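One structure below.
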Amino acid sequence: MAWFKREDKKIKIPEGLWIKCNYCREIIYRKEVEKSSMVCPKCRYHFYISIEERIALMADERSFKEIDRYIYPLDPLDFKDSVKYKERLKNYQKSTGYADAFVYGEGKINGSPVILGIFNFKFMGGSMGSVVGEKILRAAETSINTKYPLIIVSASGGARMQEGILSLMQMAKSSAAISHLSERGIPYISILTDPTFGGVTASLAMLGDIIIAEPKALIGFAGPRVVEQTIKQQLPEGFQRAEFLLEHGMIDMIVERKRLKETLTKIIKFFA
């Protein structure tokens, strides 16, 4: 009787080859998703995309010029949770290459000049602190000075807890800035992506003359679980999804990513 020693060779699968959809929970080949601008081929859920990808998708090639890039947040409360706020900021600045969670600048959409602002969800969940509020104010002021429409793409978990009351004050600050656009007849277009929550939803995100959402985006103030526990009732199916909000008159339209630039062009021309 012979004895054999068998060695099983393990096949290494490269990391990041597959991606799980946040909506239908299917496991999908990443390259297939990337080919369709990060849209799930099974259910049409729109994954988060980076600031660079968003600019490339919306603005004409090489037309976007960032403004106020180097405004850095401070730590007035000397806040510390598991990590010091100063250290947390440095880590995110290093990993993302941005000073904070909001970028804005001047660009063109099919030849029409606009002021475009984008939340960076990779920077502390797109949370709104003092710098974000200040940049939104400056974006609105730039829009007023140039008379160009203001477009803001939201992706945020809400207020930044590390800045306490200073973060909550940005809700009033950004809302007041947006109201000045309305007084001067300058259009403000709000685009809601997955996820848009908390103080951002409770202020600038829902103040657009036109409010657009990406398909199946989660939009709300508190999360569904928190709402359910508070009211002690089961929530309806699809609660806080873009389709539910459209059905109940909270947003104006749902637009797929591939049609967004074309849709914005029509809206800008309408207001013009």
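Every chain in the structure tokens takes a letter, A first, then B, and so on in the order presented; its residues are numbered from 1, and the ligands are numbered from 1 following the presented order.
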
When you look at region 266-270 of chain A with a cut-off of 12 Å (counting only C-alpha atoms), what residues show up, excluding the ones that are within fewer than 2 positions of it in the same chain? I need them as a PyMOL selection string.
chain A and resi 108-115+148-151+186-190+209-212+252-253+259-264+272

With C-alpha atoms kept, could you save the residues just selected as a compact mmCIF listing (two decimals), in the first residue's frame?
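Written output follows (again_9.txt):
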# COMPACT_ATOMS: atom_id res chain seq x y z
CA LYS A 108 -19.05 74.30 -17.95
CA ILE A 109 -21.81 71.82 -18.77
CA ASN A 110 -22.17 71.49 -22.55
CA GLY A 111 -20.83 75.03 -22.88
CA SER A 112 -23.02 76.60 -20.17
CA PRO A 113 -20.98 78.07 -17.27
CA VAL A 114 -21.93 76.88 -13.77
CA ILE A 115 -20.65 76.88 -10.20
CA TYR A 148 -24.00 81.37 -13.02
CA PRO A 149 -26.36 78.61 -11.76
CA LEU A 150 -25.21 76.80 -8.62
CA ILE A 151 -25.21 72.98 -8.67
CA ILE A 186 -30.25 82.61 -9.81
CA PRO A 187 -31.13 78.91 -10.11
CA TYR A 188 -29.88 76.38 -7.58
CA ILE A 189 -29.96 72.70 -8.59
CA SER A 190 -29.54 70.12 -5.84
CA ASP A 209 -35.24 75.05 -7.25
CA ILE A 210 -34.90 71.64 -8.87
CA ILE A 211 -34.07 68.60 -6.72
CA ILE A 212 -32.67 65.60 -8.59
CA ASP A 252 -38.61 66.62 -8.56
CA MET A 253 -37.01 63.85 -10.60
CA ARG A 259 -28.45 61.05 -18.56
CA LEU A 260 -27.46 63.58 -15.88
CA LYS A 261 -25.37 65.93 -18.03
CA GLU A 262 -28.04 66.02 -20.75
CA THR A 263 -30.77 66.71 -18.15
CA LEU A 264 -28.76 69.49 -16.48
CA ALA A 272 -31.72 80.97 -18.86

Please run DSSP on the backbone and report, as an MDAnalysis selection string, all residues within region 91-172 of chain A that come out as strand (DSSP E or B). chainID A and resid 102:109 112:119 128 150:156 159

Just-selected residues, N, CA and C atoms written as a PDB file, in the first residue's frame:
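Contents of the output file out-v3.pdb:
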ATOM      1  N   PHE A 102     -15.660  69.042   1.091  1.00  0.00           N
ATOM      2  CA  PHE A 102     -16.435  69.725   0.051  1.00  0.00           C
ATOM      3  C   PHE A 102     -15.487  70.436  -0.913  1.00  0.00           C
ATOM      4  N   VAL A 103     -15.781  70.298  -2.193  1.00  0.00           N
ATOM      5  CA  VAL A 103     -14.984  70.927  -3.251  1.00  0.00           C
ATOM      6  C   VAL A 103     -15.932  71.735  -4.129  1.00  0.00           C
ATOM      7  N   TYR A 104     -15.524  72.944  -4.495  1.00  0.00           N
ATOM      8  CA  TYR A 104     -16.350  73.702  -5.443  1.00  0.00           C
ATOM      9  C   TYR A 104     -15.473  74.478  -6.413  1.00  0.00           C
ATOM     10  N   GLY A 105     -16.070  74.851  -7.527  1.00  0.00           N
ATOM     11  CA  GLY A 105     -15.326  75.615  -8.518  1.00  0.00           C
ATOM     12  C   GLY A 105     -16.218  76.004  -9.679  1.00  0.00           C
ATOM     13  N   GLU A 106     -15.597  76.598 -10.665  1.00  0.00           N
ATOM     14  CA  GLU A 106     -16.306  77.046 -11.859  1.00  0.00           C
ATOM     15  C   GLU A 106     -16.055  76.058 -12.988  1.00  0.00           C
ATOM     16  N   GLY A 107     -17.101  75.734 -13.722  1.00  0.00           N
ATOM     17  CA  GLY A 107     -16.958  74.808 -14.836  1.00  0.00           C
ATOM     18  C   GLY A 107     -18.026  75.048 -15.890  1.00  0.00           C
ATOM     19  N   LYS A 108     -18.051  74.178 -16.891  1.00  0.00           N
ATOM     20  CA  LYS A 108     -19.054  74.296 -17.950  1.00  0.00           C
ATOM     21  C   LYS A 108     -19.730  72.952 -18.169  1.00  0.00           C
ATOM     22  N   ILE A 109     -21.039  73.014 -18.438  1.00  0.00           N
ATOM     23  CA  ILE A 109     -21.813  71.818 -18.775  1.00  0.00           C
ATOM     24  C   ILE A 109     -22.380  72.021 -20.170  1.00  0.00           C
ATOM     25  N   SER A 112     -22.379  75.658 -21.093  1.00  0.00           N
ATOM     26  CA  SER A 112     -23.022  76.598 -20.166  1.00  0.00           C
ATOM     27  C   SER A 112     -22.211  76.698 -18.873  1.00  0.00           C
ATOM     28  N   PRO A 113     -21.771  77.921 -18.496  1.00  0.00           N
ATOM     29  CA  PRO A 113     -20.978  78.069 -17.267  1.00  0.00           C
ATOM     30  C   PRO A 113     -21.820  77.856 -16.016  1.00  0.00           C
ATOM     31  N   VAL A 114     -21.251  77.148 -15.035  1.00  0.00           N
ATOM     32  CA  VAL A 114     -21.932  76.877 -13.768  1.00  0.00           C
ATOM     33  C   VAL A 114     -20.928  76.943 -12.626  1.00  0.00           C
ATOM     34  N   ILE A 115     -21.455  77.082 -11.401  1.00  0.00           N
ATOM     35  CA  ILE A 115     -20.652  76.881 -10.197  1.00  0.00           C
ATOM     36  C   ILE A 115     -21.040  75.513  -9.661  1.00  0.00           C
ATOM     37  N   LEU A 116     -20.062  74.623  -9.571  1.00  0.00           N
ATOM     38  CA  LEU A 116     -20.323  73.231  -9.210  1.00  0.00           C
ATOM     39  C   LEU A 116     -19.667  72.892  -7.873  1.00  0.00           C
ATOM     40  N   GLY A 117     -20.473  72.400  -6.923  1.00  0.00           N
ATOM     41  CA  GLY A 117     -19.962  71.964  -5.623  1.00  0.00           C
ATOM     42  C   GLY A 117     -20.259  70.490  -5.407  1.00  0.00           C
ATOM     43  N   ILE A 118     -19.289  69.772  -4.819  1.00  0.00           N
ATOM     44  CA  ILE A 118     -19.433  68.322  -4.646  1.00  0.00           C
ATOM     45  C   ILE A 118     -18.960  67.914  -3.255  1.00  0.00           C
ATOM     46  N   PHE A 119     -19.788  67.146  -2.556  1.00  0.00           N
ATOM     47  CA  PHE A 119     -19.396  66.578  -1.270  1.00  0.00           C
ATOM     48  C   PHE A 119     -18.490  65.367  -1.496  1.00  0.00           C
ATOM     49  N   MET A 128     -20.554  67.658   7.511  1.00  0.00           N
ATOM     50  CA  MET A 128     -20.543  69.116   7.333  1.00  0.00           C
ATOM     51  C   MET A 128     -20.002  69.811   8.586  1.00  0.00           C
ATOM     52  N   LEU A 150     -25.957  77.576  -9.610  1.00  0.00           N
ATOM     53  CA  LEU A 150     -25.215  76.796  -8.621  1.00  0.00           C
ATOM     54  C   LEU A 150     -25.754  75.361  -8.617  1.00  0.00           C
ATOM     55  N   ILE A 151     -24.848  74.401  -8.723  1.00  0.00           N
ATOM     56  CA  ILE A 151     -25.208  72.983  -8.666  1.00  0.00           C
ATOM     57  C   ILE A 151     -24.405  72.348  -7.541  1.00  0.00           C
ATOM     58  N   ILE A 152     -25.081  71.693  -6.597  1.00  0.00           N
ATOM     59  CA  ILE A 152     -24.385  71.008  -5.506  1.00  0.00           C
ATOM     60  C   ILE A 152     -24.798  69.535  -5.492  1.00  0.00           C
ATOM     61  N   VAL A 153     -23.782  68.667  -5.486  1.00  0.00           N
ATOM     62  CA  VAL A 153     -23.991  67.224  -5.415  1.00  0.00           C
ATOM     63  C   VAL A 153     -23.737  66.781  -3.975  1.00  0.00           C
ATOM     64  N   SER A 154     -24.780  66.292  -3.321  1.00  0.00           N
ATOM     65  CA  SER A 154     -24.680  65.918  -1.899  1.00  0.00           C
ATOM     66  C   SER A 154     -24.449  64.425  -1.716  1.00  0.00           C
ATOM     67  N   ALA A 155     -23.540  64.109  -0.788  1.00  0.00           N
ATOM     68  CA  ALA A 155     -23.312  62.736  -0.323  1.00  0.00           C
ATOM     69  C   ALA A 155     -22.740  62.888   1.075  1.00  0.00           C
ATOM     70  N   SER A 156     -23.582  62.722   2.090  1.00  0.00           N
ATOM     71  CA  SER A 156     -23.153  63.087   3.440  1.00  0.00           C
ATOM     72  C   SER A 156     -23.912  62.315   4.509  1.00  0.00           C
ATOM     73  N   ALA A 159     -24.083  66.329  10.065  1.00  0.00           N
ATOM     74  CA  ALA A 159     -23.199  67.240  10.791  1.00  0.00           C
ATOM     75  C   ALA A 159     -21.970  66.508  11.324  1.00  0.00           C
TER      76      ALA A 159
END

Measuring between only C-alpha atoms, which one of A:Pro215, A:Ala176, A:Phe239, A:Leu89 shows the shortest distance to Cys40 (chain A)?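 Looking only at the distances to Cys40 (chain A), the closest residue turns out to be A:Pro215.
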
Taken to one decimal, the CA of Glu243 (chain A)-CA of Met206 (chain A) distance is 15.4 Å

* Skipping near chain neighbours, those fewer than 3 positions away, what residues fall within 7 Å of region 69-77 of chain A using only C-alpha atoms, listed as a PyMOL selection string? -> chain A and resi 66+85-86+99-100+130-131+163

Taking only C-alpha atoms into account, produce a table as a tab-separated table in which each residue of region 39-157 of chain A with an atom at most 9 Å from an atom of region 18-24 of chain A appears once, together with its shortest atom pair and the distance in Å to one decimal, ordered by chain and rising number.
residue	atom	partner	partner_atom	distance
A:Cys40	CA	A:Cys21	CA	6.7
A:Lys42	CA	A:Cys24	CA	7.6
A:Cys43	CA	A:Cys24	CA	6.5
A:Tyr45	CA	A:Tyr23	CA	6.4
A:Phe47	CA	A:Asn22	CA	7.9

Subject >> Ala101 (chain A) environment, 10 Å, only C-alpha atoms, sequence neighbours closer than 3 positions dropped, as a ChimeraX atom specification >> reply: /A:92-93,96,98,118-129,131-132,135,155-156

Go ahead and write the selection's residues with N, CA and C atoms as an mmCIF file, in the first residue's frame.
data_model
loop_
_atom_site.group_PDB
_atom_site.id
_atom_site.type_symbol
_atom_site.label_atom_id
_atom_site.label_comp_id
_atom_site.auth_asym_id
_atom_site.auth_seq_id
_atom_site.Cartn_x
_atom_site.Cartn_y
_atom_site.Cartn_z
ATOM 1 N N TYR A 92 -7.308 61.796 7.087
ATOM 2 C CA TYR A 92 -8.205 61.920 5.932
ATOM 3 C C TYR A 92 -7.618 62.821 4.855
ATOM 4 N N GLN A 93 -6.929 63.864 5.254
ATOM 5 C CA GLN A 93 -6.274 64.746 4.279
ATOM 6 C C GLN A 93 -5.209 63.993 3.489
ATOM 7 N N THR A 96 -7.159 61.176 1.196
ATOM 8 C CA THR A 96 -8.005 61.682 0.100
ATOM 9 C C THR A 96 -7.310 62.712 -0.784
ATOM 10 N N TYR A 98 -7.468 65.879 -0.118
ATOM 11 C CA TYR A 98 -8.277 67.099 -0.012
ATOM 12 C C TYR A 98 -8.237 67.638 1.412
ATOM 13 N N ILE A 118 -19.289 69.772 -4.819
ATOM 14 C CA ILE A 118 -19.433 68.322 -4.646
ATOM 15 C C ILE A 118 -18.960 67.914 -3.255
ATOM 16 N N PHE A 119 -19.788 67.146 -2.556
ATOM 17 C CA PHE A 119 -19.396 66.578 -1.270
ATOM 18 C C PHE A 119 -18.490 65.367 -1.496
ATOM 19 N N ASN A 120 -17.480 65.242 -0.643
ATOM 20 C CA ASN A 120 -16.561 64.117 -0.712
ATOM 21 C C ASN A 120 -16.876 63.147 0.431
ATOM 22 N N PHE A 121 -17.617 62.078 0.124
ATOM 23 C CA PHE A 121 -18.046 61.146 1.166
ATOM 24 C C PHE A 121 -16.865 60.385 1.771
ATOM 25 N N LYS A 122 -15.766 60.304 1.041
ATOM 26 C CA LYS A 122 -14.582 59.591 1.551
ATOM 27 C C LYS A 122 -13.869 60.377 2.647
ATOM 28 N N PHE A 123 -14.219 61.659 2.795
ATOM 29 C CA PHE A 123 -13.629 62.475 3.850
ATOM 30 C C PHE A 123 -14.616 62.550 5.013
ATOM 31 N N MET A 124 -14.419 61.694 6.012
ATOM 32 C CA MET A 124 -15.272 61.658 7.201
ATOM 33 C C MET A 124 -16.761 61.573 6.855
ATOM 34 N N GLY A 125 -17.077 60.733 5.873
ATOM 35 C CA GLY A 125 -18.475 60.525 5.503
ATOM 36 C C GLY A 125 -19.160 61.766 4.971
ATOM 37 N N GLY A 126 -18.373 62.688 4.353
ATOM 38 C CA GLY A 126 -18.963 63.911 3.814
ATOM 39 C C GLY A 126 -19.606 64.785 4.871
ATOM 40 N N SER A 127 -19.153 64.642 6.121
ATOM 41 C CA SER A 127 -19.778 65.390 7.220
ATOM 42 C C SER A 127 -19.551 66.895 7.076
ATOM 43 N N MET A 128 -20.554 67.658 7.511
ATOM 44 C CA MET A 128 -20.543 69.116 7.333
ATOM 45 C C MET A 128 -20.002 69.811 8.586
ATOM 46 N N GLY A 129 -18.779 70.310 8.461
ATOM 47 C CA GLY A 129 -18.172 71.104 9.524
ATOM 48 C C GLY A 129 -18.059 72.555 9.084
ATOM 49 N N VAL A 131 -15.616 74.265 7.669
ATOM 50 C CA VAL A 131 -15.040 74.503 6.338
ATOM 51 C C VAL A 131 -16.060 74.225 5.245
ATOM 52 N N VAL A 132 -16.820 73.146 5.407
ATOM 53 C CA VAL A 132 -17.856 72.817 4.419
ATOM 54 C C VAL A 132 -18.888 73.943 4.342
ATOM 55 N N LYS A 135 -17.386 76.986 2.617
ATOM 56 C CA LYS A 135 -17.233 76.797 1.171
ATOM 57 C C LYS A 135 -18.583 76.869 0.443
ATOM 58 N N ALA A 155 -23.540 64.109 -0.788
ATOM 59 C CA ALA A 155 -23.312 62.736 -0.323
ATOM 60 C C ALA A 155 -22.740 62.888 1.075
ATOM 61 N N SER A 156 -23.582 62.722 2.090
ATOM 62 C CA SER A 156 -23.153 63.087 3.440
ATOM 63 C C SER A 156 -23.912 62.315 4.509
#

Check: Using only C-alpha atoms, which residue out of A:Gln162, A:Pro224, A:Gln170, A:Thr201 lies closest to Glu87 (chain A)?
Finding: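 Using only C-alpha atoms, Glu87 (chain A) sits closest to A:Gln162.
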